Amino acid sequence: MIRKILMYLVLILFAISTALPFMYMIATAMTPDSYIMPYPPILIPATLYLGNFIAALASNNFLKYFMNSVFVSTVSTIAAMVVSSMSAYAFARFNFRFKEQLFRLYLFSLMIPGLLNIVPQFLFINSIGLVDSYAGLILLYVGAGIAYNTFFLRGFFQSIPREIEDSAIIDGAGRFTIFTRIILPLSKPALGTFAIFAFTGFWDEFSSALTILKSVDMRTLPIAIQLFRQQHGTDWGLIFAATLIALVPIIIFFVVFQKRFIKGDFLSGSVKG
Amino acid sequence: MKKSLKYKYRNELEVLPFLLPGFILLLIFIFYPIAKNFYMSLSDYNIFLDKMNTFTGIDNYIRVFKDKMFWDAFINTAAYAAVTILPQMAIGLILAIIINTKIKGSFLFRILFYIPVITSWLIVSLIFRYLFESGDAGLINYLLLKANLIQTSISWFSNRWTANAVIWILAVWKGIGWNMVVFLAGLQGIDRSYYEAADIDGANIIQKVRFITIPLLKPVTFFIMTNLLVGSFNVFTQVYVMTNGAPMGRTQVLLSYMYKVAFTDFQIGYSSALSVVVGVFIFILAMGQQKFLNMGYKEGQL
Amino acid sequence: MTLKKLLVGLFSLLLVAGLAGCKADPKPVSGKVLFWHTYSEGEEALFLEEVVPLFNEAYPEIEIESVRMPYDGLKQQVITAYTGNVAPDVMRMDIVWVPEFAKQGILEEVSAFDEFSDLKDNFFAGSLSTNFYNGKYYGLPLNTNTKVAVYSKAVLAELGMTEAPATWDEMIALARTLKASDDRWGLTPQGFGPWGFLPYFWTLGGKVTDDEYSVATGYLNSADSIAAVQQLYDYYKEGLIGPAMFGEQPDAWGGMAGGNYLWIDDGPWYFSIIGQTAIDSTIVSTIPEGKGGSVSVVGGEDLVMFNKSENKDASWTFMQFMMTDEVQKIMAKTGMIPVTQSAADSLTDVPAYVATYIEQLKTAQPRTPSASWGSIEQVLSLAIESVFRDEKTVTEALNDAATEIDALLK
């Protein structure tokens, strides 16, 4: 009993410190004409003013950009998952010459700060004619993230017991069958976690999207939100309202994936069975 | 002959379909830019016309070592790594363990703790800047004064280390949820029978964490550590938005400094040299960790 | 019935012929102009709803594709777009960027166009000069602005004043009265950067470089300049300067709204963004006159063409069109001040505060036009900040900065 109370105490303490900045954000989003950040800060909205939410939805093609973002983030997540789970599987389970050295190269590439990488990357996408297309942006997302994503999934694949695969190999299953029928289903929690992180990253990405997508109609949500920050002043209420709206799909995504994939019984059933 | 060659490389042939798509992407999107980056670092590069103005050899590298601003940025970045990694891991682990016991409401807490992770860096940086405002009316100052923890309000952003402290607090605040989710995935991989056995032996919760959970989480822990280490050297937005180096460039981190070098006066060559130096440094650091890393994974292979 | 059809047909034929005839005298320019800008949402609406239709009417063969860009990360966007040959034809950019981009060799020289010499004389000299690099012009001024003194009506009233103080000393006397309460301040430069600091520095008699912008030593560290910075530093020590200078709260706008500040210096966007409350609660005036006069800093945007543009004639046509009095006057409705004498003279239907800005522009000075402005700006900010944070004496800081800026100006 005391243990439970203690646990709740810890949870609630961190819940408060997590929530505090968001309370401030919500309160400001409910303040009209907020070019000046309320000072001293307010945590409880003075009124139930929803004008900023309505204005955010109505401006800058917000809803169109919202749907664009849903599309780009979803397809990119799936594409990144397919390509990187294959290469992660290669590093986790195959034996081949220079495997360790090659993997070290993958790791090494993560270490170099890629501030200027966008220029050669953009020139490549331009050279294959994919500038101003979602295909180009998705390719960039998958390509630029390949080393990290491989690294991410390799660790999880390695922790899957080999016994299960071995019995499948004895049964005469090919590598591809093992990958799709055994490894992937067993990695649901890892893939779910991966999907959440990947989706979050794509959903929030601003700079590459603006670089690749030239048509105003194709822009994604983070670009629309950036446009609320103007050269000489920012409407805080508007930008916070827009941010809160942008959080909704990703919370839904998180809830769905946590519920469906990262629940209990990771491995236990199959290992014992 | 042909057959034996095929036999000799059978492992490589088998892995190729899995490895190749990712490897090609890696070459195009990561290695080619890195090579180009190195090439640009040897000159006074004009990035618009995509050509070297003058070949300068290692001049840019010599300049790196004499650049006081760079070393300030380097120290800030190293301090960021040293200060933020352990707390967010520890808190993330504690929360993951509590949530993993599936006490009532744990799902709601899990969502709440994850919300900072999914909120954009830009926005949370803007908010933290305002929460830590100077004067008695800044929220954090107000709370600290009320709690009698400080006697006079702190001008957080007027001093190198207090400004850094805000950057660190934000990093931990935003990172906890990520650590929690990864640790949760790891915890769920631990077979319950270990705990059941420990229960029979009469172990208490601290002992169970100490002797079962932490050792079995080793692979996940090393994964997280490498992640956070690499992440530390890529810290950018929160510094760019909250301080942009103020006061006097003393809170600059590596990436924000490189950004300034590259885009205020288009010193592309010098900026490239900075990223090569930083890359080599992190690589050496990571090689040191590599042994632990491999050890960690081997133990995790059950 | 048939007669009517015939008449309609004939009439439309005549109409088409007439229209074609109108445009026929110069060669009809056609093409598509991709235009990047960072107008605010309101300014963009005005541009799209009033300026573009006018342009289309005059030049139906030219299509304008207007793209609003986020301000953050804009330079990186220009780099990738230019290297990938998808740069805009025309871009509206901050005046301090033009020499920097010109140095990179990516802008079209506009002084090479025939019409340039006719246009040239109508521009305000200060605005035009921001396009100058290495003996040539690389852009046209589009809109200018400066900062004026914006006084809080309420705070003035408390001090028994109904109008703005005219001179620096009068203003300082008011500031000293305010000092009695510890959350009120008399003057509030917005930051240590040149944009925030220079109006105070110049007004108190300081100078950054010689008139040719070729050397800083002997100017930035002259006795006058040192005295100017010293004077501001002394005001700070006396408690007259508001925390917004240190980037702390209340910030300039918040301090005006909260009655913490007697006055701030700010641009016309202070009024166009905040709106009527800002207009009603303030009194605008030129910067109070000090030893150096009443000197503010010139801001604004220029219009440039990238040299990779494939529609140079159409782009040039569009650029010239943006300089016409009609367009300049339309954009002035948002507080954007025209760059041509003729448009400024005939302004009607603009907010009252605009007159003060035009008055201030007569003595306002540009920030050092240089391809290395980005670096110069950093040197200046650091020098001033190191004084106010007690790390260097005024003489030390300005001597060091002058040496560094000399090297950057070469």
# chains A, B, ... in the order shown; residues from 1 in each chain; ligands from 1
>>> select_by_dssp(residues="stretch 131-246 of chain A", states="strand (DSSP E or B)", output="PyMOL selection string")
chain A and resi 229-230+233-234
>>> interface_residues(of="chain C", to="chain B", cutoff="8 Å", atoms="only C-alpha atoms", output="PyMOL selection string")
chain C and resi 75-76+79-80+82-83+100+104-106+246+248-249+372-375+382+385-386
>>> closest_residue(among="A:Ile112, A:Leu210, A:Leu238, A:Leu63", to="chain B", atoms="only C-alpha atoms")
A:Ile112
>>> closest_residue(among="C:Phe124, C:Phe192, C:Phe113, C:Phe55", to="C:Leu380", atoms="only C-alpha atoms")
C:Phe192
>>> residues_around(residues="C:Pro70", least_positions_apart="5", cutoff="8 Å", atoms="only C-alpha atoms", output="short mmCIF file (atom, residue, chain, number, x, y, z; two decimals) with N, CA and C atoms, in the first residue's frame")
data_model
loop_
_atom_site.label_atom_id
_atom_site.label_comp_id
_atom_site.auth_asym_id
_atom_site.auth_seq_id
_atom_site.Cartn_x
_atom_site.Cartn_y
_atom_site.Cartn_z
N ILE A 223 5.65 24.12 -41.61
CA ILE A 223 5.92 25.34 -42.37
C ILE A 223 4.84 26.37 -42.07
N GLN A 226 5.50 27.84 -38.73
CA GLN A 226 6.62 28.79 -38.79
C GLN A 226 6.18 30.14 -39.34
N LEU A 227 5.23 30.11 -40.27
CA LEU A 227 4.79 31.37 -40.87
C LEU A 227 4.06 32.28 -39.89
N ARG A 229 5.30 32.97 -37.11
CA ARG A 229 6.37 33.79 -36.53
C ARG A 229 6.79 34.77 -37.59
N GLN A 230 6.44 36.02 -37.41
CA GLN A 230 6.75 36.98 -38.43
C GLN A 230 8.01 37.74 -38.07
N THR C 38 8.88 37.82 -47.60
CA THR C 38 8.53 37.48 -46.22
C THR C 38 7.51 38.48 -45.69
#
>>> closest_atom_pairs(of="chain C", to="chain A", cutoff="8 Å", atoms="only C-alpha atoms", output="tab-separated table")
residue	atom	partner	partner_atom	distance
C:Thr38	CA	A:Gln231	CA	7.6
C:Ser40	CA	A:Gln230	CA	6.2
C:Val67	CA	A:Val216	CA	6.6
C:Met69	CA	A:Leu227	CA	7.4
C:Pro70	CA	A:Leu227	CA	5.1
C:Tyr71	CA	A:Gln231	CA	6.3
C:Asp72	CA	A:Gln226	CA	7.9
C:Gly73	CA	A:Ser207	CA	7.6
C:Gln77	CA	A:Thr211	CA	6.0
C:Ile79	CA	A:Val119	CA	7.7
C:Thr80	CA	A:Val119	CA	5.6
C:Ala81	CA	A:Thr211	CA	7.5
C:Thr83	CA	A:Leu123	CA	7.4
C:Gly84	CA	A:Leu123	CA	5.8
C:Gln249	CA	A:Tyr39	CA	7.9
C:Pro250	CA	A:Tyr39	CA	7.3
C:Trp253	CA	A:Ile36	CA	6.5
C:Gly254	CA	A:Ile36	CA	5.7
C:Trp269	CA	A:His232	CA	6.7
C:Ile273	CA	A:Gly233	CA	7.4
C:Ile274	CA	A:Tyr35	CA	7.0
>>> atom_distance(atom1="atom CA of A:Asn61", atom2="atom CA of A:Asp217")
8.1 Å
>>> residues_around(residues="B:Thr54", least_positions_apart="3", cutoff="9 Å", atoms="only C-alpha atoms", output="ChimeraX atom specification")
/B:42-45,51
>>> write_last_selection(atoms="N, CA and C atoms", output="compact mmCIF listing (two decimals), in the first residue's frame")
# COMPACT_ATOMS: atom_id res chain seq x y z
N LEU B 42 38.58 22.29 -47.16
CA LEU B 42 39.96 22.57 -47.57
C LEU B 42 40.06 23.88 -48.34
N SER B 43 38.98 24.66 -48.34
CA SER B 43 39.03 25.87 -49.15
C SER B 43 38.11 26.94 -48.59
N ASP B 44 38.15 28.06 -49.26
CA ASP B 44 37.23 29.14 -49.00
C ASP B 44 36.08 28.91 -49.98
N TYR B 45 35.16 28.03 -49.62
CA TYR B 45 34.22 27.49 -50.59
C TYR B 45 33.06 28.44 -50.88
N LYS B 51 31.93 25.91 -56.05
CA LYS B 51 33.35 25.81 -56.42
C LYS B 51 34.25 26.38 -55.33
